[in-house]
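Participant: To start, I am sharing the structure in question, which I have written as structure tokens.
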There are 2 protein chains.
Amino acid sequence: MPAGRMASIKGDIGLVQLTRNILALGLAIVIAAGCFVGARAQADPLPSWNDGAAKKSITDFVAKVTTQGSADFVPPAERIAVFDNDGTLWCEQPEYFQALFALDRVRAMAPQHPEWRETEPFKAFLSGDKEALAALGEKALLVLVEAAHSGMTTEEFSKSVADWLAQAKHPRFSRPYNELVYQPMVELLSYLRSNGFKTFIVSGGGVEFMRAWAEKAYGIPPEQVVGSSGVVKFEMGANGKPELMKIAKVEFVDDGPGKPVGINRFIGRRPIFAFGNSDGDWQMLQWTAAGSGARFAGIVHHTDEVREYAYDRQSKIGKLDKAWDEAKAKGWTVVDMKQDWKTVFPEKP
Amino acid sequence: MPAGRMASIKGDIGLVQLTRNILALGLAIVIAAGCFVGARAQADPLPSWNDGAAKKSITDFVAKVTTQGSADFVPPAERIAVFDNDGTLWCEQPEYFQALFALDRVRAMAPQHPEWRETEPFKAFLSGDKEALAALGEKALLVLVEAAHSGMTTEEFSKSVADWLAQAKHPRFSRPYNELVYQPMVELLSYLRSNGFKTFIVSGGGVEFMRAWAEKAYGIPPEQVVGSSGVVKFEMGANGKPELMKIAKVEFVDDGPGKPVGINRFIGRRPIFAFGNSDGDWQMLQWTAAGSGARFAGIVHHTDEVREYAYDRQSKIGKLDKAWDEAKAKGWTVVDMKQDWKTVFPEKP
């Protein structure tokens with residue numbers, strides 16, 4: 001065999017070998033990438049939740065409705081998850097944060113409104129009577145909030161909320177109110193979305209109040225926030241530009257039986273997953289749980305007076321009584337904040 | 001140089017050559033894939049639109065708001081597009097389709113309601129008086145629709161709409177009503193979504209009526225349909241299951257100045273793109289166009305009496321007068337159905 005031919009053959013062997021090496025390298029990269037993806041998928045998506053029945057009920061539910069071919073499989077378009085806000089996604093003590101916002105606003109506006117000193121609920125706010133404030137209930141607070149913010153555009157209102165959040169601090173935790181969201185619930189929202197769920201807020205709170213900060217805090221865009229609302233009026237402004245003016249009149253109270261009504265109006269289909277913390281969420285939980293197929297109904301039970309607050313049947317804010325009884329009877333998930341949550345609030349930024 | 005060394009060098013050259021060949025092949029695959037993607041991207045996304053100013057205004061707008069680094073770039077989350085339904089996404093002649101649905105329902109229910117024969121708008125419906133029907137306007141029609149469908153759950157209502165669509169046919173085109181959507185607009189919705197827009201219906205029509213078929217017809221899910229609504233009440237049914245009952249009372253009319261109000265309530269941010277066809281869309285178009293940054297306002301002008309209908313300033317249904325004047329003054333896009341659309345309705349399935 002001539003040297004040239006020999007070299008050619010050796011060269012061919014070399015070619016074959018190199019091809020194999022390159023293919024093997026490619027395969028190794030693919031396998032490595034696969035392992036990496038596998039490792040990521042196996043990382044705990046709910047790291048702030050202690051292992052226990054509550055956490056397991058959530059992950060079991062998500063697994064069964066997202067497993068193709070499972071009897072409980074739900075197509076992504078129908079994976080609607082709804083969350084109350086006050087006491088479920090963020091703290092609601094010692095008073096609803098929106099009431100504290102309104103209080104600050106009313107104080108600032110009071111000199112222009114001497115008539116408020118003799119009229120409830122303004123009187124209770126201006127005199128700093130916390131008990132009277134709590135006794136007025138969520139609906140009255142909404143009247144106050146709307147009344148205190150009439151005569152401004154929706155965009156001006158949104159800015160006033162952002163400005164307040166930038167400077168106001170919680171009386172006990174000394175942190176901005178939008179830092180007092182529940183870290184385990186923020187993780188839950190994200191976990192559901194990564195499993196094809198569309199997450200909505202369905203809250204008794206004012207819809208425009210929540211929209212001012214919910215996207216940043218929870219990753220929930222304005223169009224997925226359902227809440228109570230005041231009347232808004234379309235007007236042609238002095239500058240020739242159309243404006244939406246906020247009127248001091250309650251239009252819709254998205255609380256109690258108003259929650260399934262609000263869900264029907266805004267979302268238009270029944271959720272398969274709902275989370276609340278009080279009797280104001282009772283009907284929303286009933287409406288969700290009564291649908292056909294797999295359904296999840298969950299309640300945050302405030303049991304942690306050290307890290308947050310402890311309250312339920314006797315509380316003026318976030319009273320949990322009838323919904324708790326039904327949760328026990330129906331086997332809904334009840335989260336024990338003290339036992340089930342490793343952390344309550346996110347670390348300070 | 002020994003033969004072995006020579007062969008080795010030749011082998012090395014072979015290795016280098018093979019490596020180059022493999023890399024070149026890989027590069028060729030990447031380029032080929034790139035060309036394929038490029039070819040796909042260049043395929044006309046609006047094939048039912050004739051080339052012209054209207055089509056160009058749409059594609060130019062989409063290009064500028066989606067080009068990263070462009071002064072007009074809009075982040076995907078803010079790419080909100082709103083569409084009127086009647087006369088913009090589907091036909092609205094010779095009468096609003098929802099009125100025809102209500103007429104059929106009222107006829108079916110009339111024997112149980114003798115009082116309807118003497119009360120408007122039932123009288124006009126039951127006597128088949130089309131002029132009286134049109135003269136009653138959209139708001140009266142909604143009263144009728146809601147009244148005609150009280151005493152049933154939201155789910156029963158949704159089924160009654162689906163049943164009607166399955167058997168009713170348009171008097172002129174002899175096709176199911178949900179086949180009388182505008183093919184160019186269906187393409188436009190899809191084109192916007194493929195460019196990161198979120199598409200919404202904002203219509204004077206009943207929200208539950210539209211939700212029964214909008215997802216299949218337009219790819220718009222129930223939670224992105226904004227419309228007029230009747231009161232809905234949460235009740236515990238006889239079977240111990242909660243129900244949402246439809247009450248014969250109008251709650252919200254999402255028409256005229258109600259459209260920007262509905263947008264604020266349901267979507268919570270100002271659209272950057274709006275399409276309508278009548279004065280009922282005027283304020284929605286004004287509200288959209290008055291936002292800061294790049295905005296698109298479009299009107300479908302019904303000019304094609306051969307393939308569809310021709311009507312504008314004098315029409316009782318879908319009157320286009322003030323909004324048309326403002327469109328001309330402000331340079332909004334006006335689509336001439338006869339000139340701008342290659343086809344009007346989709347091919348029969």
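Within each chain, counting starts at residue 1; across the structure tokens, chains are named A, B, ... in the order shown, with ligands numbered 1 upward in that order.
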Using DSSP secondary structure from the backbone, list all strand (DSSP E) positions within range 135-264 of chain A, as an MDAnalysis selection string.

Facilitator: chainID A and resid 198:206 225:236 242:252

Participant: For range 311-320 of chain A, work out the shell of residues within 10 Å, counting only C-alpha atoms and skipping chain neighbours fewer than 6 positions away, then give it as an mmCIF file with N, CA and C atoms, in the first residue's frame.

Facilitator:
data_model
loop_
_atom_site.group_PDB
_atom_site.id
_atom_site.type_symbol
_atom_site.label_atom_id
_atom_site.label_comp_id
_atom_site.auth_asym_id
_atom_site.auth_seq_id
_atom_site.Cartn_x
_atom_site.Cartn_y
_atom_site.Cartn_z
ATOM 1 N N ASP A 86 -56.536 41.627 50.739
ATOM 2 C CA ASP A 86 -56.303 41.985 52.151
ATOM 3 C C ASP A 86 -56.340 40.741 53.042
ATOM 4 N N GLY A 87 -55.235 40.445 53.698
ATOM 5 C CA GLY A 87 -55.158 39.292 54.599
ATOM 6 C C GLY A 87 -54.844 37.984 53.891
ATOM 7 N N THR A 88 -54.857 37.992 52.557
ATOM 8 C CA THR A 88 -54.528 36.782 51.799
ATOM 9 C C THR A 88 -53.209 36.955 51.048
ATOM 10 N N GLU A 92 -53.399 42.949 56.583
ATOM 11 C CA GLU A 92 -54.586 43.821 56.662
ATOM 12 C C GLU A 92 -54.754 44.403 58.071
ATOM 13 N N GLN A 93 -53.720 44.292 58.898
ATOM 14 C CA GLN A 93 -53.798 44.787 60.278
ATOM 15 C C GLN A 93 -52.779 45.902 60.512
ATOM 16 N N PRO A 94 -52.975 46.816 61.418
ATOM 17 C CA PRO A 94 -54.111 46.878 62.356
ATOM 18 C C PRO A 94 -55.394 47.405 61.723
ATOM 19 N N GLU A 95 -55.308 47.905 60.481
ATOM 20 C CA GLU A 95 -56.476 48.353 59.732
ATOM 21 C C GLU A 95 -56.196 48.062 58.270
ATOM 22 N N TYR A 96 -57.252 47.974 57.468
ATOM 23 C CA TYR A 96 -57.025 47.832 56.027
ATOM 24 C C TYR A 96 -56.096 48.945 55.559
ATOM 25 N N GLU A 131 -61.273 52.392 66.792
ATOM 26 C CA GLU A 131 -62.367 51.445 66.995
ATOM 27 C C GLU A 131 -63.572 51.811 66.142
ATOM 28 N N ALA A 134 -62.828 50.791 62.583
ATOM 29 C CA ALA A 134 -62.996 49.364 62.311
ATOM 30 C C ALA A 134 -64.480 48.994 62.276
ATOM 31 N N ALA A 135 -65.255 49.608 63.177
ATOM 32 C CA ALA A 135 -66.686 49.278 63.272
ATOM 33 C C ALA A 135 -67.449 49.695 62.025
ATOM 34 N N LEU A 136 -66.915 50.637 61.296
ATOM 35 C CA LEU A 136 -67.618 51.125 60.105
ATOM 36 C C LEU A 136 -67.624 50.092 58.974
ATOM 37 N N GLY A 137 -66.679 49.167 59.023
ATOM 38 C CA GLY A 137 -66.683 48.082 58.047
ATOM 39 C C GLY A 137 -66.126 48.490 56.698
ATOM 40 N N GLU A 138 -65.935 47.466 55.876
ATOM 41 C CA GLU A 138 -65.262 47.671 54.592
ATOM 42 C C GLU A 138 -66.060 48.567 53.652
ATOM 43 N N GLY A 276 -58.644 32.668 49.979
ATOM 44 C CA GLY A 276 -59.105 33.814 50.739
ATOM 45 C C GLY A 276 -58.627 33.706 52.173
ATOM 46 N N ASN A 277 -59.168 34.554 53.052
ATOM 47 C CA ASN A 277 -58.796 34.449 54.462
ATOM 48 C C ASN A 277 -59.933 34.810 55.409
ATOM 49 N N SER A 278 -61.078 35.228 54.851
ATOM 50 C CA SER A 278 -62.137 35.713 55.742
ATOM 51 C C SER A 278 -63.512 35.349 55.199
ATOM 52 N N ASP A 279 -64.544 35.670 55.983
ATOM 53 C CA ASP A 279 -65.911 35.408 55.526
ATOM 54 C C ASP A 279 -66.282 36.229 54.289
ATOM 55 N N GLY A 280 -65.549 37.276 54.034
ATOM 56 C CA GLY A 280 -65.763 38.039 52.800
ATOM 57 C C GLY A 280 -65.420 37.237 51.562
ATOM 58 N N ASP A 281 -64.686 36.151 51.773
ATOM 59 C CA ASP A 281 -64.294 35.271 50.660
ATOM 60 C C ASP A 281 -65.148 34.005 50.590
ATOM 61 N N TRP A 282 -66.069 33.885 51.526
ATOM 62 C CA TRP A 282 -66.830 32.648 51.662
ATOM 63 C C TRP A 282 -67.528 32.243 50.352
ATOM 64 N N ILE A 299 -57.668 28.721 52.448
ATOM 65 C CA ILE A 299 -57.852 29.825 53.393
ATOM 66 C C ILE A 299 -56.548 30.046 54.166
ATOM 67 N N VAL A 300 -56.127 31.315 54.237
ATOM 68 C CA VAL A 300 -54.994 31.671 55.094
ATOM 69 C C VAL A 300 -55.548 31.950 56.492
ATOM 70 N N HIS A 301 -55.095 31.176 57.487
ATOM 71 C CA HIS A 301 -55.517 31.386 58.868
ATOM 72 C C HIS A 301 -54.394 32.129 59.602
ATOM 73 N N HIS A 302 -54.743 33.289 60.112
ATOM 74 C CA HIS A 302 -53.737 34.139 60.772
ATOM 75 C C HIS A 302 -53.513 33.658 62.202
ATOM 76 N N THR A 303 -52.402 32.929 62.404
ATOM 77 C CA THR A 303 -52.129 32.275 63.690
ATOM 78 C C THR A 303 -50.812 32.732 64.308
ATOM 79 N N ASP A 304 -50.209 33.748 63.721
ATOM 80 C CA ASP A 304 -48.831 34.062 64.090
ATOM 81 C C ASP A 304 -48.710 35.489 64.616
ATOM 82 N N GLU A 305 -48.949 35.634 65.938
ATOM 83 C CA GLU A 305 -48.910 36.982 66.499
ATOM 84 C C GLU A 305 -47.486 37.505 66.644
#

Participant: Distance CA of Val82 in chain B-CA of Lys198 in chain B, one decimal place?

Facilitator: 8.6 Å

Participant: With distances taken over only C-alpha atoms, which of A:Ala132, A:Ala77, A:Leu89, A:Ala323 is nearest to chain B?

Facilitator: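 Closest candidate: A:Ala77.
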
Participant: Output as CSV one row per residue of range 241-349 of chain B within 7 Å of range 46-66 of chain B: the closest atom pair and its distance in Å to one decimal place, counting only C-alpha atoms, sorted by chain and residue number ascending.

Facilitator:
residue,atom,partner,partner_atom,distance
B:Thr333,CA,B:Ala54,CA,6.0
B:Val334,CA,B:Ala54,CA,6.7
B:Val335,CA,B:Ala54,CA,5.8
B:Asp340,CA,B:Asn50,CA,5.1
B:Trp341,CA,B:Trp49,CA,4.7
B:Lys342,CA,B:Ser48,CA,4.9
B:Thr343,CA,B:Ser48,CA,5.7

Participant: Hey, which of A:Leu103, A:Lys233, A:Pro111, A:His149 ends up closest to Lys130 in chain A? Count only C-alpha atoms.

Facilitator: A:Leu103

Participant: Could you give me, as a ChimeraX atom specification, the residues within 12 Å of range 122-125 of chain A, counting only C-alpha atoms and dropping anything in the same chain fewer than 3 positions from it?

Facilitator: /A:95,99-110,113-119,128-136,140-148

Participant: Now that the selection is made, can you save its residues with N, CA, C and O atoms as a compact mmCIF listing (two decimals), in the first residue's frame?

Facilitator:
# COMPACT_ATOMS: atom_id res chain seq x y z
N GLU A 95 -55.31 47.91 60.48
CA GLU A 95 -56.48 48.35 59.73
C GLU A 95 -56.20 48.06 58.27
O GLU A 95 -55.04 47.94 57.88
N ALA A 99 -57.61 51.91 54.07
CA ALA A 99 -58.19 52.85 55.03
C ALA A 99 -57.12 53.80 55.55
O ALA A 99 -57.36 55.00 55.72
N LEU A 100 -55.92 53.27 55.77
CA LEU A 100 -54.82 54.11 56.24
C LEU A 100 -54.43 55.13 55.17
O LEU A 100 -54.13 56.29 55.47
N PHE A 101 -54.45 54.68 53.93
CA PHE A 101 -54.20 55.59 52.81
C PHE A 101 -55.26 56.69 52.81
O PHE A 101 -54.94 57.88 52.73
N ALA A 102 -56.54 56.27 52.93
CA ALA A 102 -57.64 57.25 52.92
C ALA A 102 -57.49 58.22 54.07
O ALA A 102 -57.71 59.43 53.92
N LEU A 103 -57.11 57.70 55.24
CA LEU A 103 -56.93 58.54 56.42
C LEU A 103 -55.90 59.64 56.14
O LEU A 103 -56.14 60.83 56.42
N ASP A 104 -54.77 59.23 55.60
CA ASP A 104 -53.74 60.21 55.26
C ASP A 104 -54.25 61.25 54.26
O ASP A 104 -53.96 62.44 54.38
N ARG A 105 -55.00 60.77 53.28
CA ARG A 105 -55.52 61.68 52.25
C ARG A 105 -56.56 62.63 52.85
O ARG A 105 -56.57 63.82 52.55
N VAL A 106 -57.46 62.06 53.67
CA VAL A 106 -58.52 62.88 54.26
C VAL A 106 -57.90 63.95 55.15
O VAL A 106 -58.31 65.12 55.13
N ARG A 107 -56.89 63.58 55.92
CA ARG A 107 -56.21 64.57 56.78
C ARG A 107 -55.64 65.69 55.93
O ARG A 107 -55.76 66.86 56.28
N ALA A 108 -55.03 65.32 54.83
CA ALA A 108 -54.42 66.33 53.96
C ALA A 108 -55.46 67.24 53.32
O ALA A 108 -55.22 68.42 53.10
N MET A 109 -56.65 66.68 53.06
CA MET A 109 -57.69 67.45 52.36
C MET A 109 -58.65 68.15 53.33
O MET A 109 -59.45 68.99 52.90
N ALA A 110 -58.58 67.80 54.62
CA ALA A 110 -59.57 68.27 55.60
C ALA A 110 -59.74 69.80 55.65
O ALA A 110 -60.88 70.28 55.74
N HIS A 113 -62.40 70.95 53.59
CA HIS A 113 -63.72 70.32 53.81
C HIS A 113 -64.14 70.39 55.27
O HIS A 113 -64.18 69.36 55.94
N PRO A 114 -64.49 71.58 55.79
CA PRO A 114 -64.90 71.70 57.19
C PRO A 114 -66.12 70.83 57.53
O PRO A 114 -66.27 70.39 58.67
N GLU A 115 -66.98 70.55 56.55
CA GLU A 115 -68.19 69.75 56.79
C GLU A 115 -67.86 68.31 57.20
O GLU A 115 -68.69 67.64 57.84
N TRP A 116 -66.66 67.85 56.89
CA TRP A 116 -66.28 66.48 57.22
C TRP A 116 -66.20 66.25 58.74
O TRP A 116 -66.32 65.13 59.20
N ARG A 117 -65.97 67.32 59.51
CA ARG A 117 -65.77 67.15 60.95
C ARG A 117 -67.03 66.68 61.66
O ARG A 117 -66.97 66.19 62.78
N GLU A 118 -68.19 66.83 60.99
CA GLU A 118 -69.46 66.44 61.61
C GLU A 118 -70.12 65.25 60.92
O GLU A 118 -71.23 64.88 61.25
N THR A 119 -69.46 64.69 59.93
CA THR A 119 -70.09 63.63 59.14
C THR A 119 -69.26 62.35 59.19
O THR A 119 -68.05 62.38 59.00
N GLY A 128 -59.20 60.22 64.65
CA GLY A 128 -58.24 59.14 64.94
C GLY A 128 -58.83 58.03 65.79
O GLY A 128 -58.11 57.32 66.49
N ASP A 129 -60.14 57.84 65.72
CA ASP A 129 -60.82 56.83 66.53
C ASP A 129 -60.76 55.48 65.80
O ASP A 129 -61.58 55.16 64.95
N LYS A 130 -59.78 54.67 66.16
CA LYS A 130 -59.53 53.42 65.44
C LYS A 130 -60.66 52.42 65.59
O LYS A 130 -60.97 51.67 64.66
N GLU A 131 -61.27 52.39 66.79
CA GLU A 131 -62.37 51.45 67.00
C GLU A 131 -63.57 51.81 66.14
O GLU A 131 -64.18 50.95 65.51
N ALA A 132 -63.89 53.08 66.13
CA ALA A 132 -65.01 53.55 65.30
C ALA A 132 -64.73 53.24 63.84
O ALA A 132 -65.61 52.83 63.09
N LEU A 133 -63.47 53.41 63.47
CA LEU A 133 -63.04 53.15 62.10
C LEU A 133 -63.29 51.69 61.72
O LEU A 133 -63.91 51.39 60.70
N ALA A 134 -62.83 50.79 62.58
CA ALA A 134 -63.00 49.36 62.31
C ALA A 134 -64.48 48.99 62.28
O ALA A 134 -64.91 48.20 61.45
N ALA A 135 -65.25 49.61 63.18
CA ALA A 135 -66.69 49.28 63.27
C ALA A 135 -67.45 49.70 62.03
O ALA A 135 -68.52 49.16 61.73
N LEU A 136 -66.91 50.64 61.30
CA LEU A 136 -67.62 51.13 60.10
C LEU A 136 -67.62 50.09 58.97
O LEU A 136 -68.46 50.15 58.08
N ALA A 140 -68.23 51.00 54.31
CA ALA A 140 -68.16 52.42 54.70
C ALA A 140 -66.79 52.99 54.39
O ALA A 140 -66.67 54.15 53.95
N LEU A 141 -65.78 52.16 54.56
CA LEU A 141 -64.43 52.63 54.26
C LEU A 141 -64.31 52.96 52.77
O LEU A 141 -63.66 53.92 52.38
N LEU A 142 -64.97 52.13 51.96
CA LEU A 142 -64.92 52.39 50.53
C LEU A 142 -65.63 53.70 50.17
O LEU A 142 -65.17 54.44 49.31
N VAL A 143 -66.72 53.96 50.86
CA VAL A 143 -67.43 55.23 50.64
C VAL A 143 -66.47 56.38 50.94
O VAL A 143 -66.34 57.34 50.16
N LEU A 144 -65.78 56.25 52.06
CA LEU A 144 -64.82 57.28 52.45
C LEU A 144 -63.71 57.44 51.41
O LEU A 144 -63.39 58.56 50.98
N VAL A 145 -63.15 56.31 51.02
CA VAL A 145 -62.06 56.35 50.04
C VAL A 145 -62.52 57.06 48.77
O VAL A 145 -61.84 57.96 48.27
N GLU A 146 -63.68 56.67 48.27
CA GLU A 146 -64.16 57.27 47.03
C GLU A 146 -64.47 58.75 47.23
O GLU A 146 -64.10 59.58 46.41
N ALA A 147 -65.13 59.07 48.34
CA ALA A 147 -65.48 60.47 48.60
C ALA A 147 -64.22 61.32 48.73
O ALA A 147 -64.15 62.44 48.20
N ALA A 148 -63.24 60.76 49.42
CA ALA A 148 -62.00 61.52 49.65
C ALA A 148 -61.23 61.76 48.36
O ALA A 148 -60.34 62.60 48.33

Participant: Considering only C-alpha atoms, state which residue in the set A:Trp213, A:Tyr182, A:Phe275, A:Phe157 is at the smallest distance from Glu347 in chain A.

Facilitator: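 Looking only at the distances to Glu347 in chain A, the closest residue turns out to be A:Tyr182.
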
Participant: Pick out the closest residue to chain B from this set: A:Met152, A:Leu189, A:Val202, A:Val226. Count only C-alpha atoms.

Facilitator: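 Using only C-alpha atoms, the shortest distance to chain B belongs to A:Val226.
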
Participant: Write down as a VMD selection string the residues belonging to range 221-279 of chain B that are assigned helix (DSSP H, G or I) by DSSP computed on the backbone.

Facilitator: chain B and resid 222 to 224 258 to 266 279

Participant: Go ahead and save the residues from that selection, with N, CA, C and O atoms, as a PDB file, in the first residue's frame.

Facilitator:
ATOM      1  N   PRO B 222     -62.953  34.809  27.408  1.00  0.00           N
ATOM      2  CA  PRO B 222     -64.018  35.525  28.137  1.00  0.00           C
ATOM      3  C   PRO B 222     -63.508  36.697  28.964  1.00  0.00           C
ATOM      4  O   PRO B 222     -64.155  37.746  29.015  1.00  0.00           O
ATOM      5  N   GLU B 223     -62.357  36.525  29.626  1.00  0.00           N
ATOM      6  CA  GLU B 223     -61.858  37.574  30.515  1.00  0.00           C
ATOM      7  C   GLU B 223     -61.338  38.788  29.742  1.00  0.00           C
ATOM      8  O   GLU B 223     -60.955  39.783  30.357  1.00  0.00           O
ATOM      9  N   GLN B 224     -61.322  38.734  28.409  1.00  0.00           N
ATOM     10  CA  GLN B 224     -60.936  39.893  27.613  1.00  0.00           C
ATOM     11  C   GLN B 224     -62.121  40.436  26.797  1.00  0.00           C
ATOM     12  O   GLN B 224     -61.923  41.099  25.783  1.00  0.00           O
ATOM     13  N   GLY B 258     -69.666  55.359  27.877  1.00  0.00           N
ATOM     14  CA  GLY B 258     -69.513  54.161  28.708  1.00  0.00           C
ATOM     15  C   GLY B 258     -68.325  53.307  28.288  1.00  0.00           C
ATOM     16  O   GLY B 258     -67.832  52.504  29.083  1.00  0.00           O
ATOM     17  N   LYS B 259     -67.855  53.465  27.058  1.00  0.00           N
ATOM     18  CA  LYS B 259     -66.731  52.615  26.616  1.00  0.00           C
ATOM     19  C   LYS B 259     -65.407  52.940  27.319  1.00  0.00           C
ATOM     20  O   LYS B 259     -64.767  52.033  27.839  1.00  0.00           O
ATOM     21  N   PRO B 260     -64.981  54.226  27.341  1.00  0.00           N
ATOM     22  CA  PRO B 260     -63.767  54.476  28.142  1.00  0.00           C
ATOM     23  C   PRO B 260     -63.958  54.137  29.621  1.00  0.00           C
ATOM     24  O   PRO B 260     -63.017  53.692  30.274  1.00  0.00           O
ATOM     25  N   VAL B 261     -65.182  54.327  30.131  1.00  0.00           N
ATOM     26  CA  VAL B 261     -65.458  53.951  31.528  1.00  0.00           C
ATOM     27  C   VAL B 261     -65.302  52.431  31.689  1.00  0.00           C
ATOM     28  O   VAL B 261     -64.681  51.955  32.640  1.00  0.00           O
ATOM     29  N   GLY B 262     -65.853  51.665  30.747  1.00  0.00           N
ATOM     30  CA  GLY B 262     -65.723  50.205  30.785  1.00  0.00           C
ATOM     31  C   GLY B 262     -64.268  49.771  30.663  1.00  0.00           C
ATOM     32  O   GLY B 262     -63.825  48.845  31.337  1.00  0.00           O
ATOM     33  N   ILE B 263     -63.515  50.456  29.813  1.00  0.00           N
ATOM     34  CA  ILE B 263     -62.085  50.141  29.659  1.00  0.00           C
ATOM     35  C   ILE B 263     -61.367  50.355  30.986  1.00  0.00           C
ATOM     36  O   ILE B 263     -60.560  49.541  31.418  1.00  0.00           O
ATOM     37  N   ASN B 264     -61.673  51.491  31.642  1.00  0.00           N
ATOM     38  CA  ASN B 264     -61.045  51.778  32.931  1.00  0.00           C
ATOM     39  C   ASN B 264     -61.419  50.725  33.965  1.00  0.00           C
ATOM     40  O   ASN B 264     -60.574  50.241  34.720  1.00  0.00           O
ATOM     41  N   ARG B 265     -62.692  50.332  33.972  1.00  0.00           N
ATOM     42  CA  ARG B 265     -63.155  49.404  34.975  1.00  0.00           C
ATOM     43  C   ARG B 265     -62.586  47.999  34.775  1.00  0.00           C
ATOM     44  O   ARG B 265     -62.130  47.371  35.723  1.00  0.00           O
ATOM     45  N   PHE B 266     -62.622  47.522  33.540  1.00  0.00           N
ATOM     46  CA  PHE B 266     -62.247  46.131  33.277  1.00  0.00           C
ATOM     47  C   PHE B 266     -60.759  45.954  32.970  1.00  0.00           C
ATOM     48  O   PHE B 266     -60.169  44.949  33.342  1.00  0.00           O
ATOM     49  N   ASP B 279     -70.590  55.996  15.914  1.00  0.00           N
ATOM     50  CA  ASP B 279     -70.479  57.033  16.944  1.00  0.00           C
ATOM     51  C   ASP B 279     -70.482  56.443  18.357  1.00  0.00           C
ATOM     52  O   ASP B 279     -70.043  57.097  19.301  1.00  0.00           O
TER      53      ASP B 279
END

Participant: Work out how far apart CA of Phe197 in chain A and CA of Val74 in chain B are and give it in Å to one decimal.

Facilitator: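 These atoms are spaced 25.2 Å apart.
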
Participant: What is the distance between CA of Val344 in chain B and CA of Gln286 in chain B, in Å to one decimal?

Facilitator: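 Rounded to one decimal, the two atoms are 26.8 Å apart.
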
Participant: Taking into account only C-alpha atoms, which residue in the set A:Lys216, A:Pro221, A:Tyr191, A:Leu180 is nearest to Pro76 in chain B?

Facilitator: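 Smallest distance to Pro76 in chain B is found for A:Pro221.
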
Participant: Between B:Lys338, B:Val231, B:Glu156, B:Trp164, which is the closest to Ala310 in chain B once you count only C-alpha atoms?

Facilitator: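 Counting only C-alpha atoms, the residue closest to Ala310 in chain B is B:Lys338.
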
Participant: Need the shell around range 170-176 of chain A: protein/DNA/RNA residues with any atom at most 9 Å away, counting only C-alpha atoms. Skip same-chain ones fewer than 3 positions apart. Format as a ChimeraX atom specification?

Facilitator: /A:94,97,165-167,179-180,348

Participant: Pull all heavy atoms from the residues just selected and write them as a compact mmCIF listing (two decimals), in the first residue's frame.

Facilitator:
# COMPACT_ATOMS: atom_id res chain seq x y z
N PRO A 94 -52.98 46.82 61.42
CA PRO A 94 -54.11 46.88 62.36
C PRO A 94 -55.39 47.41 61.72
O PRO A 94 -56.44 47.37 62.35
CB PRO A 94 -53.60 47.84 63.43
CG PRO A 94 -52.66 48.75 62.71
CD PRO A 94 -52.01 47.90 61.65
N PHE A 97 -55.08 48.57 54.78
CA PHE A 97 -54.11 49.57 54.34
C PHE A 97 -54.77 50.68 53.51
O PHE A 97 -54.35 51.83 53.54
CB PHE A 97 -52.99 48.91 53.52
CG PHE A 97 -52.12 47.99 54.33
CD1 PHE A 97 -51.10 47.26 53.71
CD2 PHE A 97 -52.27 47.84 55.70
CE1 PHE A 97 -50.27 46.41 54.44
CE2 PHE A 97 -51.46 46.99 56.45
CZ PHE A 97 -50.45 46.27 55.80
N LEU A 165 -47.37 55.33 48.83
CA LEU A 165 -46.56 54.13 49.09
C LEU A 165 -45.08 54.47 49.21
O LEU A 165 -44.34 53.81 49.95
CB LEU A 165 -46.75 53.10 47.97
CG LEU A 165 -48.10 52.36 47.98
CD1 LEU A 165 -48.23 51.50 46.73
CD2 LEU A 165 -48.24 51.50 49.23
N ALA A 166 -44.66 55.50 48.50
CA ALA A 166 -43.24 55.87 48.51
C ALA A 166 -42.82 56.49 49.84
O ALA A 166 -41.64 56.52 50.18
CB ALA A 166 -42.94 56.82 47.36
N GLN A 167 -43.80 57.01 50.63
CA GLN A 167 -43.39 57.68 51.87
C GLN A 167 -44.01 57.10 53.15
O GLN A 167 -43.42 57.19 54.21
CB GLN A 167 -43.62 59.20 51.78
CG GLN A 167 -45.03 59.67 51.42
CD GLN A 167 -45.97 59.74 52.60
OE1 GLN A 167 -45.54 59.73 53.75
NE2 GLN A 167 -47.26 59.77 52.32
N GLU A 179 -44.34 46.44 50.85
CA GLU A 179 -43.36 45.39 51.21
C GLU A 179 -43.98 44.37 52.15
O GLU A 179 -43.35 43.37 52.47
CB GLU A 179 -42.13 46.02 51.87
CG GLU A 179 -41.23 46.76 50.89
CD GLU A 179 -39.97 47.31 51.58
OE1 GLU A 179 -39.66 46.87 52.70
OE2 GLU A 179 -39.32 48.17 50.98
N LEU A 180 -45.20 44.62 52.61
CA LEU A 180 -45.83 43.72 53.58
C LEU A 180 -46.75 42.71 52.87
O LEU A 180 -47.84 42.38 53.35
CB LEU A 180 -46.55 44.51 54.66
CG LEU A 180 -45.58 45.38 55.47
CD1 LEU A 180 -46.34 46.25 56.47
CD2 LEU A 180 -44.53 44.53 56.18
N LYS A 348 -36.01 42.56 53.42
CA LYS A 348 -35.94 43.97 53.04
C LYS A 348 -35.03 44.13 51.83
O LYS A 348 -33.98 43.49 51.77
CB LYS A 348 -35.41 44.81 54.21
CG LYS A 348 -36.40 44.87 55.36
CD LYS A 348 -36.05 45.95 56.37
CE LYS A 348 -37.03 45.88 57.55
NZ LYS A 348 -36.90 46.97 58.50
